[in-house]
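Enquirer: Before anything else, here's the structure in question.
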Amino acid sequence: MQKLGDFFEKFINKESIFINKKVLQSNYIPESIFHRDEQINNIAGILAPSLKLERPSNLFIYGKTGTGKTLTITYVTNQIKELASQKDIPVKIFYLNCKLKKIADTEYRLLVQLAYELGKQIPPTGLPTDEVYKIFFNIIDEKEQLLIIILDEIDQLVKRNGDSILYNLTRINTELKKSQIALIGISNNLTFIDELDPRVKSSLSEEEIIFPPYNAIQLQSILKDRVKLAFKDNSLEEGLIEKCAAFTARDHGDARRAIELLRVASEIAERNNEKKVLIKHLDEAEEKIERDRFVDIIEKQPKQFQVTLYSILIVNSNKNESIYTGDVYDIYKQICLKIGLRPLTQRRISDIIAEFDSLGVINVKLISKGRYGRTREISSSLPSTTESKIKKILEQELDL
DNA sequence: GTCAATTCACATGAAAGAGACCACGGTCTAGTG
DNA sequence: CTAGACCGTGGTCTCTTTCATGTGAATTGACGA
């Protein structure tokens with residue numbers, strides 16, 4: 001006990017390398033946005049008519065994760081909101097993230113959430129969907145107003161529910177008497193729009209804006225800006241920012257990742273009682289982030305998913321050759337038997353394997369072995385140290 | 001040797017069921033004046 | 001008389017199962033050279 005007291009004491013007295021660590025957290029909104037002037041102006045131009053109560057064009061925004069889409073759009077819309085409230089213009093802007101479960105990931109919930117923002121409570125379930133539509137419709141059309149609805153990660157919504165929601169929302173304008181709705185869709189899947197119904201496609205993407213990934217130089221300036229606010233002078237080893245930027249620019253140019261990398265590296269440095277964040281901490285940080293991400297994903301999975309993954313790992317370590325769906329399913333059934341879990345059908349396991357693939361935990365390739373059938377060739381995409389750790393976690397979770 | 005048909009081992013799709021959650025309206029019950 | 005408890009019905013949503021159909025190349029087998 002005494003020792004722990006000492007530890008905390010030391011911790012408090014220790015001189016920190018941070019001035020304001022919050023700046024590095026993912027929910028921090030910076031005051032200025034770098035390298036997005038063109039997009040900001042574009043969006044502002046498109047949305048400006050809303051201040052005259054003219055319906056702006058529907059807008060579609062693409063860009064990979066961490067390219068500042070959400071940040072930019074909130075920045076612009078916040079200004080519009082502010083101006084609107086100053087001048088008492090009935091413009092309302094809603095931001096919905098379609099990926100958040102239980103909030104906006106189905107047609108019903110999306111409408112409920114929108115209605116809620118408009119000040120009308122609708123039960124989270126139990127009503128027919130068209131009833132909810134009617135309610136929603138009525139609140140909007142109560143008075144003259146302009147709504148701008150931002151649907152972030154709209155691809156998720158469509159993937160789960162099809163594009164009928166979008167169709168309904170784009171069409172609703174023709175029925176509204178007093179109000180108007182404009183939609184802004186944000187997606188990080190570039191091919192997404194091509195999979196839509198052509199009618200929806202043409203009306204949703206009246207305007208399109210693309211957010212390119214940041215390059216290393218741009219990332220550097222973003223990082224430098226944050227570093228100024230977050231760290232005390234001379235807390236970073238020479239060349240650290242450059243390395244960090246180069247690291248992230250190589251895959252995707254994701255600014256969020258770059259900042260996270262820096263944050264984790266600095267945390268490691270702090271824990272090691274270093275006075276500076278060193279480049280070697282970056283390497284460590286990268287590994288840690290990756291590992292934590294996987295561990296996080298896997299702990300959150302339902303039991304059946306965990307058993308499936310465990311089976312894959314077992315088969316993978318028992319066999320040096322390629323492994324296939326059938327092998328996994330056999331082992332899976334055995335494990336279920338052992339831990340007293342009712343095994344699912346192969347059809348379902350097949351889907352689960354596909355889901356792990358899209359989570360990036362495993363790699364899957366569809367191959368045909370000619371006369372010997374068609375199947376998925378599965379390989380783990382986890383680094384081996386992470387893999388054994390995850391195996392242990394799974395064994396624990398499943399009491400094996 | 002050549003070429004189309006066959007065949008395997010799943011993939012992929014569609015539909016439907018089970019079970020959890022919930023709203024709503026009607027009926028029953030107990031408490032109140 | 002009324003508030004609350006307690007149904008039954010009907011709705012959504014997620015996870016599964018069931019049934020049906022699709023698929024790509026190794027293999028087979030008929031055919032002709």
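Following the order of the structure tokens, chains are lettered A, B, ..., residues in each are numbered from 1, and ligands are numbered from 1.
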If we count only C-alpha atoms (C1' of nucleotides), which residues of chain A reach to within 9 Å of chain B? Please list them as an mmCIF file with all heavy atoms, in the first residue's frame.

Expert:
data_model
loop_
_atom_site.group_PDB
_atom_site.id
_atom_site.type_symbol
_atom_site.label_atom_id
_atom_site.label_comp_id
_atom_site.auth_asym_id
_atom_site.auth_seq_id
_atom_site.Cartn_x
_atom_site.Cartn_y
_atom_site.Cartn_z
ATOM 1 N N PRO A 123 -41.593 6.757 -29.324
ATOM 2 C CA PRO A 123 -41.080 5.544 -28.675
ATOM 3 C C PRO A 123 -40.034 4.856 -29.542
ATOM 4 O O PRO A 123 -40.173 4.864 -30.773
ATOM 5 C CB PRO A 123 -42.312 4.664 -28.514
ATOM 6 C CG PRO A 123 -43.438 5.403 -29.116
ATOM 7 C CD PRO A 123 -43.029 6.783 -29.378
ATOM 8 N N PRO A 124 -39.026 4.293 -28.917
ATOM 9 C CA PRO A 124 -37.925 3.685 -29.668
ATOM 10 C C PRO A 124 -38.339 2.451 -30.456
ATOM 11 O O PRO A 124 -37.574 1.949 -31.257
ATOM 12 C CB PRO A 124 -36.916 3.314 -28.583
ATOM 13 C CG PRO A 124 -37.709 3.244 -27.337
ATOM 14 C CD PRO A 124 -38.825 4.215 -27.485
ATOM 15 N N THR A 125 -39.490 1.953 -30.206
ATOM 16 C CA THR A 125 -39.972 0.793 -30.959
ATOM 17 C C THR A 125 -41.467 0.664 -30.728
ATOM 18 O O THR A 125 -42.019 1.335 -29.894
ATOM 19 C CB THR A 125 -39.273 -0.505 -30.505
ATOM 20 O OG1 THR A 125 -39.966 -1.612 -31.035
ATOM 21 C CG2 THR A 125 -39.262 -0.636 -29.024
ATOM 22 N N GLY A 126 -42.084 -0.201 -31.499
ATOM 23 C CA GLY A 126 -43.480 -0.481 -31.239
ATOM 24 C C GLY A 126 -44.453 0.142 -32.210
ATOM 25 O O GLY A 126 -45.582 -0.302 -32.318
ATOM 26 N N LEU A 127 -44.038 1.164 -32.926
ATOM 27 C CA LEU A 127 -44.940 1.777 -33.886
ATOM 28 C C LEU A 127 -44.589 1.300 -35.297
ATOM 29 O O LEU A 127 -43.448 0.989 -35.576
ATOM 30 C CB LEU A 127 -44.809 3.298 -33.834
ATOM 31 C CG LEU A 127 -45.259 3.983 -32.558
ATOM 32 C CD1 LEU A 127 -45.048 5.473 -32.685
ATOM 33 C CD2 LEU A 127 -46.702 3.676 -32.263
ATOM 34 N N THR A 325 -12.842 -22.883 -45.159
ATOM 35 C CA THR A 325 -14.052 -22.793 -44.352
ATOM 36 C C THR A 325 -14.426 -24.129 -43.703
ATOM 37 O O THR A 325 -14.768 -24.181 -42.531
ATOM 38 C CB THR A 325 -15.227 -22.318 -45.222
ATOM 39 O OG1 THR A 325 -14.843 -21.112 -45.865
ATOM 40 C CG2 THR A 325 -16.461 -22.083 -44.390
ATOM 41 N N GLY A 326 -14.355 -25.199 -44.489
ATOM 42 C CA GLY A 326 -14.745 -26.506 -43.972
ATOM 43 C C GLY A 326 -13.926 -26.917 -42.760
ATOM 44 O O GLY A 326 -14.471 -27.386 -41.758
ATOM 45 N N SER A 350 -20.118 -19.112 -42.222
ATOM 46 C CA SER A 350 -19.579 -18.528 -43.436
ATOM 47 C C SER A 350 -19.708 -17.003 -43.395
ATOM 48 O O SER A 350 -18.783 -16.273 -43.736
ATOM 49 C CB SER A 350 -20.342 -19.099 -44.621
ATOM 50 O OG SER A 350 -19.968 -18.483 -45.804
ATOM 51 N N LEU A 366 -11.255 -15.751 -51.943
ATOM 52 C CA LEU A 366 -12.138 -16.743 -52.538
ATOM 53 C C LEU A 366 -11.360 -17.490 -53.605
ATOM 54 O O LEU A 366 -10.842 -16.885 -54.538
ATOM 55 C CB LEU A 366 -13.331 -16.027 -53.163
ATOM 56 C CG LEU A 366 -14.518 -16.905 -53.495
ATOM 57 C CD1 LEU A 366 -15.021 -17.589 -52.244
ATOM 58 C CD2 LEU A 366 -15.598 -16.072 -54.123
ATOM 59 N N LYS A 369 -10.897 -24.586 -56.203
ATOM 60 C CA LYS A 369 -9.933 -25.674 -56.336
ATOM 61 C C LYS A 369 -10.450 -26.667 -57.363
ATOM 62 O O LYS A 369 -10.344 -27.875 -57.219
ATOM 63 C CB LYS A 369 -9.723 -26.359 -54.985
ATOM 64 C CG LYS A 369 -9.036 -25.456 -53.980
ATOM 65 C CD LYS A 369 -8.704 -26.199 -52.717
ATOM 66 C CE LYS A 369 -9.964 -26.546 -51.950
ATOM 67 N NZ LYS A 369 -9.676 -27.468 -50.836
ATOM 68 N N GLY A 370 -11.080 -26.119 -58.356
ATOM 69 C CA GLY A 370 -11.563 -26.942 -59.448
ATOM 70 C C GLY A 370 -12.501 -28.029 -58.992
ATOM 71 O O GLY A 370 -13.495 -27.766 -58.327
ATOM 72 N N ARG A 371 -12.149 -29.213 -59.318
ATOM 73 C CA ARG A 371 -12.974 -30.364 -58.979
ATOM 74 C C ARG A 371 -13.222 -30.447 -57.471
ATOM 75 O O ARG A 371 -14.208 -30.992 -57.009
ATOM 76 C CB ARG A 371 -12.263 -31.637 -59.463
ATOM 77 C CG ARG A 371 -13.028 -32.920 -59.303
ATOM 78 C CD ARG A 371 -14.290 -32.850 -60.169
ATOM 79 N NE ARG A 371 -15.248 -33.863 -59.776
ATOM 80 C CZ ARG A 371 -15.297 -35.079 -60.282
ATOM 81 N NH1 ARG A 371 -14.445 -35.435 -61.208
ATOM 82 N NH2 ARG A 371 -16.201 -35.934 -59.894
ATOM 83 N N TYR A 372 -12.279 -29.881 -56.711
ATOM 84 C CA TYR A 372 -12.418 -29.982 -55.257
ATOM 85 C C TYR A 372 -13.105 -28.766 -54.652
ATOM 86 O O TYR A 372 -12.871 -28.394 -53.510
ATOM 87 C CB TYR A 372 -11.044 -30.223 -54.634
ATOM 88 C CG TYR A 372 -10.393 -31.449 -55.222
ATOM 89 C CD1 TYR A 372 -9.332 -31.353 -56.103
ATOM 90 C CD2 TYR A 372 -10.921 -32.709 -54.946
ATOM 91 C CE1 TYR A 372 -8.781 -32.479 -56.685
ATOM 92 C CE2 TYR A 372 -10.366 -33.844 -55.535
ATOM 93 C CZ TYR A 372 -9.302 -33.730 -56.403
ATOM 94 O OH TYR A 372 -8.778 -34.854 -56.974
ATOM 95 N N GLY A 373 -13.936 -28.158 -55.453
ATOM 96 C CA GLY A 373 -14.824 -27.149 -54.885
ATOM 97 C C GLY A 373 -14.298 -25.744 -54.811
ATOM 98 O O GLY A 373 -13.172 -25.442 -55.188
ATOM 99 N N ARG A 374 -15.173 -24.904 -54.323
ATOM 100 C CA ARG A 374 -14.872 -23.491 -54.177
ATOM 101 C C ARG A 374 -15.002 -23.133 -52.710
ATOM 102 O O ARG A 374 -15.958 -23.520 -52.059
ATOM 103 C CB ARG A 374 -15.929 -22.684 -54.926
ATOM 104 C CG ARG A 374 -15.412 -21.732 -55.939
ATOM 105 C CD ARG A 374 -16.542 -21.418 -56.859
ATOM 106 N NE ARG A 374 -17.341 -20.335 -56.284
ATOM 107 C CZ ARG A 374 -17.073 -19.044 -56.525
ATOM 108 N NH1 ARG A 374 -16.070 -18.714 -57.284
ATOM 109 N NH2 ARG A 374 -17.816 -18.108 -56.020
ATOM 110 N N THR A 375 -14.075 -22.396 -52.207
ATOM 111 C CA THR A 375 -14.151 -22.068 -50.791
ATOM 112 C C THR A 375 -13.332 -20.815 -50.507
ATOM 113 O O THR A 375 -12.760 -20.213 -51.404
ATOM 114 C CB THR A 375 -13.643 -23.242 -49.926
ATOM 115 O OG1 THR A 375 -13.748 -22.903 -48.564
ATOM 116 C CG2 THR A 375 -12.207 -23.577 -50.250
ATOM 117 N N ARG A 376 -13.317 -20.469 -49.246
ATOM 118 C CA ARG A 376 -12.503 -19.320 -48.854
ATOM 119 C C ARG A 376 -11.181 -19.817 -48.287
ATOM 120 O O ARG A 376 -11.153 -20.751 -47.492
ATOM 121 C CB ARG A 376 -13.206 -18.522 -47.762
ATOM 122 C CG ARG A 376 -14.398 -17.748 -48.229
ATOM 123 C CD ARG A 376 -14.671 -16.632 -47.244
ATOM 124 N NE ARG A 376 -15.812 -15.845 -47.630
ATOM 125 C CZ ARG A 376 -17.025 -16.046 -47.169
ATOM 126 N NH1 ARG A 376 -17.251 -17.004 -46.302
ATOM 127 N NH2 ARG A 376 -18.025 -15.291 -47.555
#

Enquirer: Can you list every residue of chain C that has an atom at most 6 Å from chain A, with its nearest atom pair and the distance in Å to one decimal, using only C-alpha atoms (C1' of nucleotides), ordered by chain then number, as JSON lines?

Expert:
{"residue": "C:DG11", "atom": "C1'", "partner": "A:Gly126", "partner_atom": "CA", "distance": 4.8}
{"residue": "C:DT12", "atom": "C1'", "partner": "A:Thr125", "partner_atom": "CA", "distance": 5.9}
{"residue": "C:DG24", "atom": "C1'", "partner": "A:Ser368", "partner_atom": "CA", "distance": 5.8}
{"residue": "C:DA25", "atom": "C1'", "partner": "A:Gly370", "partner_atom": "CA", "distance": 3.9}
{"residue": "C:DA26", "atom": "C1'", "partner": "A:Gly370", "partner_atom": "CA", "distance": 4.1}

Enquirer: DSSP says alpha helix (DSSP H) for which residues of stretch 23-156 of chain A? Put them as a PyMOL selection string?

Expert: chain A and resi 37-47+69-87+107-117+129-140+154-156

Enquirer: May I ask for the distance between atom CA of A:Glu242 and atom CA of A:Asn188, given in Å to one decimal place?

Expert: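 The value is 26.1 Å.
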
Enquirer: Would you pick out the contacts of stretch 379-395 of chain A at 7 Å or less, using only C-alpha atoms (C1' of nucleotides), so that residues sharing its chain but fewer than 3 positions from it are not included, and give the list as a list in words?

Expert: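 What passes the distance filter is Arg291, Val295, Gln306, Tyr310, Val361, Ile362, Asn363, Val364, Leu398, Asp399 and Leu400 of chain A.
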
Enquirer: Which residues are near A:Leu100? Cut-off 12 Å, only C-alpha atoms (C1' of nucleotides), ignore same chain within fewer than 5 positions. Put them as a list in words.

Expert: Asp105, Thr106, Arg109, Leu110, Gln113, Leu151, Asp152, Glu153, Ile154, Gln156 and Leu157 of chain A

Enquirer: What gap, in Å, lies between atom CA of A:Leu313 and atom CA of A:Cys336?

Expert: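 Separation between atom CA of A:Leu313 and atom CA of A:Cys336: 15.0 Å.
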
Enquirer: Would you list the contacts of stretch 78-94 of chain A as an MDAnalysis selection string, taking every protein, DNA or RNA residue within 10 Å and counting only C-alpha atoms (C1' of nucleotides), but skipping same-chain residues closer than 2 positions in sequence?

Expert: chainID A and resid 44 47:48 50:53 72:76 96:97 113:114 117:118 143:151 179:184

Enquirer: When DSSP is applied to the backbone of this structure, which of stretch 48-256 of chain A are assigned strand (DSSP E or B)? Write them out as a PyMOL selection string.

Expert: chain A and resi 59-63+91-97+146-152+180-187+207-211+231+236

Enquirer: Export C-alpha atoms of the chosen residues as a PDB file, in the first residue's frame?

Expert:
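That gives us result_12.pdb:
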ATOM      1  CA  LEU A  59     -24.476  17.239 -51.304  1.00  0.00           C
ATOM      2  CA  PHE A  60     -22.407  14.161 -51.297  1.00  0.00           C
ATOM      3  CA  ILE A  61     -19.015  14.046 -49.687  1.00  0.00           C
ATOM      4  CA  TYR A  62     -16.437  11.342 -50.097  1.00  0.00           C
ATOM      5  CA  GLY A  63     -13.098  10.819 -48.553  1.00  0.00           C
ATOM      6  CA  VAL A  91     -32.725  26.852 -40.724  1.00  0.00           C
ATOM      7  CA  LYS A  92     -32.092  23.712 -38.780  1.00  0.00           C
ATOM      8  CA  ILE A  93     -29.142  21.465 -39.258  1.00  0.00           C
ATOM      9  CA  PHE A  94     -28.873  17.977 -37.889  1.00  0.00           C
ATOM     10  CA  TYR A  95     -25.891  15.780 -37.784  1.00  0.00           C
ATOM     11  CA  LEU A  96     -26.475  12.055 -37.549  1.00  0.00           C
ATOM     12  CA  ASN A  97     -23.894   9.381 -37.547  1.00  0.00           C
ATOM     13  CA  LEU A 146     -35.426  24.533 -43.928  1.00  0.00           C
ATOM     14  CA  LEU A 147     -33.799  21.375 -42.716  1.00  0.00           C
ATOM     15  CA  ILE A 148     -30.355  20.237 -43.554  1.00  0.00           C
ATOM     16  CA  ILE A 149     -29.735  16.662 -42.575  1.00  0.00           C
ATOM     17  CA  ILE A 150     -26.208  15.412 -42.471  1.00  0.00           C
ATOM     18  CA  LEU A 151     -25.889  11.665 -42.661  1.00  0.00           C
ATOM     19  CA  ASP A 152     -22.397  10.637 -41.724  1.00  0.00           C
ATOM     20  CA  GLN A 180     -37.819  21.824 -47.369  1.00  0.00           C
ATOM     21  CA  ILE A 181     -35.160  19.275 -46.738  1.00  0.00           C
ATOM     22  CA  ALA A 182     -31.639  19.097 -48.011  1.00  0.00           C
ATOM     23  CA  LEU A 183     -29.451  16.079 -47.490  1.00  0.00           C
ATOM     24  CA  ILE A 184     -25.759  15.846 -47.029  1.00  0.00           C
ATOM     25  CA  GLY A 185     -24.314  12.381 -47.252  1.00  0.00           C
ATOM     26  CA  ILE A 186     -20.853  11.581 -46.050  1.00  0.00           C
ATOM     27  CA  SER A 187     -19.188   8.354 -46.981  1.00  0.00           C
ATOM     28  CA  GLU A 207     -23.175  18.232 -55.832  1.00  0.00           C
ATOM     29  CA  GLU A 208     -20.130  16.194 -54.958  1.00  0.00           C
ATOM     30  CA  ILE A 209     -17.039  17.056 -53.045  1.00  0.00           C
ATOM     31  CA  ILE A 210     -14.031  14.864 -52.623  1.00  0.00           C
ATOM     32  CA  PHE A 211     -11.657  15.007 -49.709  1.00  0.00           C
ATOM     33  CA  PHE A 231       3.495  19.833 -25.457  1.00  0.00           C
ATOM     34  CA  LEU A 236       9.892  15.969 -28.915  1.00  0.00           C
TER      35      LEU A 236
END

Enquirer: Would you mind listing what lies within 10 Å of C:DG4 as JSON, numbers by chain, with only C-alpha atoms (C1' of nucleotides) counted and same-chain residues fewer than 2 positions away left out?

Expert: {"B": [29, 30], "C": [2, 6]}

Enquirer: Can you list, as an MDAnalysis selection string, every protein, DNA or RNA residue that comes within 12 Å of B:DA14 when you count only C-alpha atoms (C1' of nucleotides), leaving out same-chain residues fewer than 2 positions away?

Expert: (chainID B and resid 12 16) or (chainID C and resid 18:21)

Enquirer: Residues as selected, N, CA and C atoms (P, O5', C5', C4', C3', O3' and C1' of nucleotides), written as an mmCIF file, in the first residue's frame, can you do that?

Expert:
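again_30.cif written:
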data_model
loop_
_atom_site.group_PDB
_atom_site.id
_atom_site.type_symbol
_atom_site.label_atom_id
_atom_site.label_comp_id
_atom_site.auth_asym_id
_atom_site.auth_seq_id
_atom_site.Cartn_x
_atom_site.Cartn_y
_atom_site.Cartn_z
ATOM 1 P P DT B 12 -19.090 -15.034 -51.279
ATOM 2 O "O5'" DT B 12 -20.635 -14.972 -51.657
ATOM 3 C "C5'" DT B 12 -21.020 -15.261 -52.978
ATOM 4 C "C4'" DT B 12 -22.526 -15.239 -53.078
ATOM 5 C "C3'" DT B 12 -23.197 -14.107 -52.275
ATOM 6 O "O3'" DT B 12 -23.987 -13.374 -53.168
ATOM 7 C "C1'" DT B 12 -24.295 -16.164 -51.947
ATOM 8 P P DA B 16 -41.533 -15.689 -46.941
ATOM 9 O "O5'" DA B 16 -41.705 -16.844 -45.843
ATOM 10 C "C5'" DA B 16 -40.780 -17.919 -45.812
ATOM 11 C "C4'" DA B 16 -40.233 -18.086 -44.413
ATOM 12 C "C3'" DA B 16 -41.133 -17.548 -43.285
ATOM 13 O "O3'" DA B 16 -41.213 -18.539 -42.295
ATOM 14 C "C1'" DA B 16 -38.947 -16.807 -42.982
ATOM 15 P P DT C 18 -32.402 -25.609 -39.733
ATOM 16 O "O5'" DT C 18 -33.312 -25.410 -41.036
ATOM 17 C "C5'" DT C 18 -34.373 -24.462 -41.021
ATOM 18 C "C4'" DT C 18 -34.935 -24.295 -42.419
ATOM 19 C "C3'" DT C 18 -34.535 -25.383 -43.420
ATOM 20 O "O3'" DT C 18 -35.678 -25.731 -44.190
ATOM 21 C "C1'" DT C 18 -33.900 -23.261 -44.246
ATOM 22 P P DC C 19 -35.693 -26.980 -45.173
ATOM 23 O "O5'" DC C 19 -35.661 -26.234 -46.572
ATOM 24 C "C5'" DC C 19 -36.530 -25.124 -46.779
ATOM 25 C "C4'" DC C 19 -36.157 -24.424 -48.052
ATOM 26 C "C3'" DC C 19 -35.734 -25.363 -49.190
ATOM 27 O "O3'" DC C 19 -36.473 -25.001 -50.345
ATOM 28 C "C1'" DC C 19 -34.148 -23.643 -48.895
ATOM 29 P P DA C 20 -36.235 -25.797 -51.724
ATOM 30 O "O5'" DA C 20 -35.371 -24.729 -52.528
ATOM 31 C "C5'" DA C 20 -35.658 -23.346 -52.335
ATOM 32 C "C4'" DA C 20 -34.806 -22.531 -53.274
ATOM 33 C "C3'" DA C 20 -34.358 -23.268 -54.541
ATOM 34 O "O3'" DA C 20 -34.556 -22.395 -55.641
ATOM 35 C "C1'" DA C 20 -32.471 -22.447 -53.376
ATOM 36 P P DT C 21 -34.227 -22.892 -57.100
ATOM 37 O "O5'" DT C 21 -32.896 -22.089 -57.411
ATOM 38 C "C5'" DT C 21 -32.853 -20.699 -57.067
ATOM 39 C "C4'" DT C 21 -31.443 -20.226 -57.179
ATOM 40 C "C3'" DT C 21 -30.729 -20.655 -58.475
ATOM 41 O "O3'" DT C 21 -30.205 -19.495 -59.079
ATOM 42 C "C1'" DT C 21 -29.379 -21.060 -56.597
#

Enquirer: Grab the atom CA of A:Pro343 to atom C1' of C:DT16 distance for me, in Å with one decimal place.

Expert: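 Atom C1' of C:DT16 lies 11.0 Å from atom CA of A:Pro343.
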